[in-house]
Amino acid sequence: MRPTSTPDIISYVRAQPGASHIILIDPDDADPDIAAQRCVAAVSAGTRMIFVGGSSGTDEDNVHPTVVAIQEALELCKWNSTQDSNLNESFWEVPVVLFPQGASALSPSADAITFMMLMNSTNPEFLVGEQVRGAPYIRKAGVEPMGMGYVICAPGGKAGEVGQAKLIEPNQTELIAAYAMCAESYGFSILYLEAGSGAHTPVHPDLIRAARAASDKLVLLVGGGIRDGATAKIAIDAGADWVVTGNLCEEFADAHELQTTLESFISQMKS
Ligand code: 1GP
């Protein structure tokens with residue numbers, strides 16, 4: 001849901017006071033109602049952005065209803081908070097952002113889109129092809145594009161396979177620094193270092209440090225294989241601004257349990 005505190009979503013993304021959490025909802029893994037319940041639990045725990053997408057199995061038929069269900073659930077929570085003077089309604093103004101596998105996995109109801117270049121893909125479709133196909137839809141729908149360099153690091157997982165990425169190894173710090181400089185030079189706002197969903201090892205902190213040192217302008221996102229607050233803190237201490245988790249939030253059938261887990265995750269990450 002669109003924040004009223006900033007003129008656009010990228011200003012909101014930049015304005016968060018560091019060590020922030022994003023929940024990634026994969027519409028291929030959860031129906032819209034479950035996804036919405038997970039988002040309400042996550043926002044209650046302190047999550048400040050919601051990504052909707054996945055590297056396979058998503059299209060407008062599952063992405064759009066998922067975005068709508070999440071937006072409606074947040075609206076309802078915001079409305080409920082207006083009935084209680086102790087609650088701050090802006091707390092629920094958490095943007096729902098597309099993190100699409102391609103031009104067919106979009107929704108006009110999203111607040112913004114990570115308009116990404118998969119920078120280390122060997123396939124031009126992921127550099128600019130899907131983006132050219134999706135741009136007119138995004139423009140017509142009025143969904144805010146946030147330019148993002150997306151770089152997949154080893155082990156890379158399905159995102160690395162589907163995106164045909166030449167994976168960045170943990171010792172390739174000069175290379176990741178060059179990607180960060182390149183992303184900044186393109187005028188992107190965000191750089192996302194991805195290890196792949198469910199990765200057995202997250203992005204190496206040396207890579208995060210090198211990217212951070214190469215650019216202090218980019219908002220730095222890190223995700224893939226982060227399952228606990230201590231690991232998230234390592235990423236934050238190395239220079240990440242936001243940590244993304246997907247699998248962690250899919251493990252819980254019970255929203256209350258998810259909320260409790262994320263509360264301790266976020267508090268440890270920020271410690
Ligand atoms: C995938 O980085 C995200 O794009 C999240 O990964 O599912 O391992 O948390 P996980």
# chains A, B, ... in the order shown; residues from 1 in each chain; ligands from 1
call {"tool": "closest_atom_pairs", "arguments": {"of": "chain A", "to": "ligand 1", "cutoff": "7 Å", "atoms": "only C-alpha atoms and all ligand atoms", "output": "JSON lines"}}
result
{"residue": "A:Leu24", "atom": "CA", "partner": "ligand 1", "partner_atom_place_in_ligand_line": "5 (C)", "distance": 6.4}
{"residue": "A:Gly54", "atom": "CA", "partner": "ligand 1", "partner_atom_place_in_ligand_line": "4 (O)", "distance": 6.8}
{"residue": "A:Glu194", "atom": "CA", "partner": "ligand 1", "partner_atom_place_in_ligand_line": "2 (O)", "distance": 5.4}
{"residue": "A:Ala195", "atom": "CA", "partner": "ligand 1", "partner_atom_place_in_ligand_line": "2 (O)", "distance": 6.5}
{"residue": "A:Gly196", "atom": "CA", "partner": "ligand 1", "partner_atom_place_in_ligand_line": "1 (C)", "distance": 5.2}
{"residue": "A:Ser197", "atom": "CA", "partner": "ligand 1", "partner_atom_place_in_ligand_line": "6 (O)", "distance": 3.5}
{"residue": "A:Gly198", "atom": "CA", "partner": "ligand 1", "partner_atom_place_in_ligand_line": "8 (O)", "distance": 3.6}
{"residue": "A:Ala199", "atom": "CA", "partner": "ligand 1", "partner_atom_place_in_ligand_line": "8 (O)", "distance": 5.5}
{"residue": "A:Val222", "atom": "CA", "partner": "ligand 1", "partner_atom_place_in_ligand_line": "2 (O)", "distance": 6.7}
{"residue": "A:Gly223", "atom": "CA", "partner": "ligand 1", "partner_atom_place_in_ligand_line": "2 (O)", "distance": 3.4}
{"residue": "A:Gly224", "atom": "CA", "partner": "ligand 1", "partner_atom_place_in_ligand_line": "6 (O)", "distance": 3.3}
{"residue": "A:Gly225", "atom": "CA", "partner": "ligand 1", "partner_atom_place_in_ligand_line": "8 (O)", "distance": 3.6}
{"residue": "A:Ile226", "atom": "CA", "partner": "ligand 1", "partner_atom_place_in_ligand_line": "9 (O)", "distance": 5.3}
{"residue": "A:Arg227", "atom": "CA", "partner": "ligand 1", "partner_atom_place_in_ligand_line": "9 (O)", "distance": 6.5}
{"residue": "A:Val244", "atom": "CA", "partner": "ligand 1", "partner_atom_place_in_ligand_line": "2 (O)", "distance": 5.5}
{"residue": "A:Thr245", "atom": "CA", "partner": "ligand 1", "partner_atom_place_in_ligand_line": "9 (O)", "distance": 3.5}
{"residue": "A:Gly246", "atom": "CA", "partner": "ligand 1", "partner_atom_place_in_ligand_line": "7 (O)", "distance": 3.5}
{"residue": "A:Asn247", "atom": "CA", "partner": "ligand 1", "partner_atom_place_in_ligand_line": "7 (O)", "distance": 3.8}
{"residue": "A:Leu248", "atom": "CA", "partner": "ligand 1", "partner_atom_place_in_ligand_line": "9 (O)", "distance": 5.8}
call {"tool": "closest_residue", "arguments": {"among": "A:Thr66, A:Gly102, A:Ile152, A:Lys217", "to": "Gly129 (chain A)", "atoms": "only C-alpha atoms"}}
result
A:Gly102
call {"tool": "residues_around", "arguments": {"residues": "Phe265 (chain A)", "least_positions_apart": "5", "cutoff": "8 Å", "atoms": "only C-alpha atoms", "output": "PyMOL selection string"}}
result
chain A and resi 228-230+232
call {"tool": "residues_around", "arguments": {"residues": "Val68 (chain A)", "least_positions_apart": "3", "cutoff": "9 Å", "atoms": "only C-alpha atoms", "output": "PyMOL selection string"}}
result
chain A and resi 32+36+63-65+71-73+107+109-110
call {"tool": "select_by_dssp", "arguments": {"residues": "region 121-171 of chain A", "states": "strand (DSSP E)", "output": "MDAnalysis selection string"}}
result
chainID A and resid 144:152
call {"tool": "closest_residue", "arguments": {"among": "A:Gly46, A:Pro145, A:Gly157, A:Pro136", "to": "Trp92 (chain A)", "atoms": "only C-alpha atoms"}}
result
A:Gly46
call {"tool": "atom_distance", "arguments": {"atom1": "CA of Asp206 (chain A)", "atom2": "CA of Ala235 (chain A)"}}
result
9.5 Å
call {"tool": "closest_residue", "arguments": {"among": "A:Ile190, A:Ala135, A:Phe91, A:Gly160", "to": "Ala45 (chain A)", "atoms": "only C-alpha atoms"}}
result
A:Phe91
call {"tool": "closest_residue", "arguments": {"among": "A:Tyr192, A:Tyr150, A:Trp242, A:Phe126", "to": "His21 (chain A)", "atoms": "only C-alpha atoms"}}
result
A:Trp242
call {"tool": "residues_around", "arguments": {"residues": "region 77-88 of chain A", "least_positions_apart": "6", "cutoff": "12 Å", "atoms": "only C-alpha atoms", "output": "tab-separated table (two decimals) with N, CA, C and O atoms, in the first residue's frame"}}
result
chain	number	residue	atom	x	y	z
A	1	MET	N	0.83	-1.17	0.00
A	1	MET	CA	0.00	0.00	0.00
A	1	MET	C	0.88	1.24	0.00
A	1	MET	O	1.92	1.28	0.65
A	2	ARG	N	0.50	2.21	-0.81
A	2	ARG	CA	1.34	3.38	-1.08
A	2	ARG	C	1.56	4.21	0.19
A	2	ARG	O	0.60	4.62	0.84
A	3	PRO	N	2.81	4.46	0.58
A	3	PRO	CA	3.05	5.30	1.76
A	3	PRO	C	2.67	6.75	1.46
A	3	PRO	O	2.91	7.25	0.36
A	36	ALA	N	-1.78	-12.97	1.72
A	36	ALA	CA	-2.19	-11.75	2.43
A	36	ALA	C	-2.03	-11.92	3.94
A	36	ALA	O	-1.55	-11.01	4.63
A	37	GLN	N	-2.38	-13.10	4.46
A	37	GLN	CA	-2.22	-13.34	5.91
A	37	GLN	C	-0.75	-13.26	6.30
A	37	GLN	O	-0.38	-12.70	7.34
A	39	CYS	N	1.56	-11.56	4.83
A	39	CYS	CA	2.02	-10.16	4.76
A	39	CYS	C	1.56	-9.38	5.97
A	39	CYS	O	2.33	-8.57	6.52
A	40	VAL	N	0.34	-9.60	6.42
A	40	VAL	CA	-0.15	-8.89	7.62
A	40	VAL	C	0.71	-9.28	8.82
A	40	VAL	O	1.14	-8.42	9.61
A	41	ALA	N	1.03	-10.58	8.94
A	41	ALA	CA	1.88	-11.04	10.04
A	41	ALA	C	3.26	-10.39	9.94
A	41	ALA	O	3.83	-9.94	10.93
A	43	VAL	N	4.19	-7.57	8.36
A	43	VAL	CA	4.17	-6.12	8.63
A	43	VAL	C	4.00	-5.88	10.13
A	43	VAL	O	4.66	-5.01	10.71
A	44	SER	N	3.17	-6.68	10.77
A	44	SER	CA	3.01	-6.56	12.23
A	44	SER	C	4.34	-6.76	12.93
A	44	SER	O	4.62	-6.15	13.96
A	70	ILE	N	-3.29	-8.75	-1.07
A	70	ILE	CA	-2.39	-8.13	-0.08
A	70	ILE	C	-2.79	-6.66	0.14
A	70	ILE	O	-2.88	-6.20	1.28
A	71	GLN	N	-3.05	-5.95	-0.96
A	71	GLN	CA	-3.44	-4.54	-0.83
A	71	GLN	C	-4.72	-4.41	0.01
A	71	GLN	O	-4.82	-3.53	0.87
A	94	VAL	N	2.73	-0.05	3.69
A	94	VAL	CA	3.93	-0.78	3.26
A	94	VAL	C	3.75	-1.12	1.77
A	94	VAL	O	2.76	-1.73	1.39
call {"tool": "closest_residue", "arguments": {"among": "A:Leu106, A:Glu75, A:Ile266, A:Phe99", "to": "Asp61 (chain A)", "atoms": "only C-alpha atoms"}}
result
A:Leu106
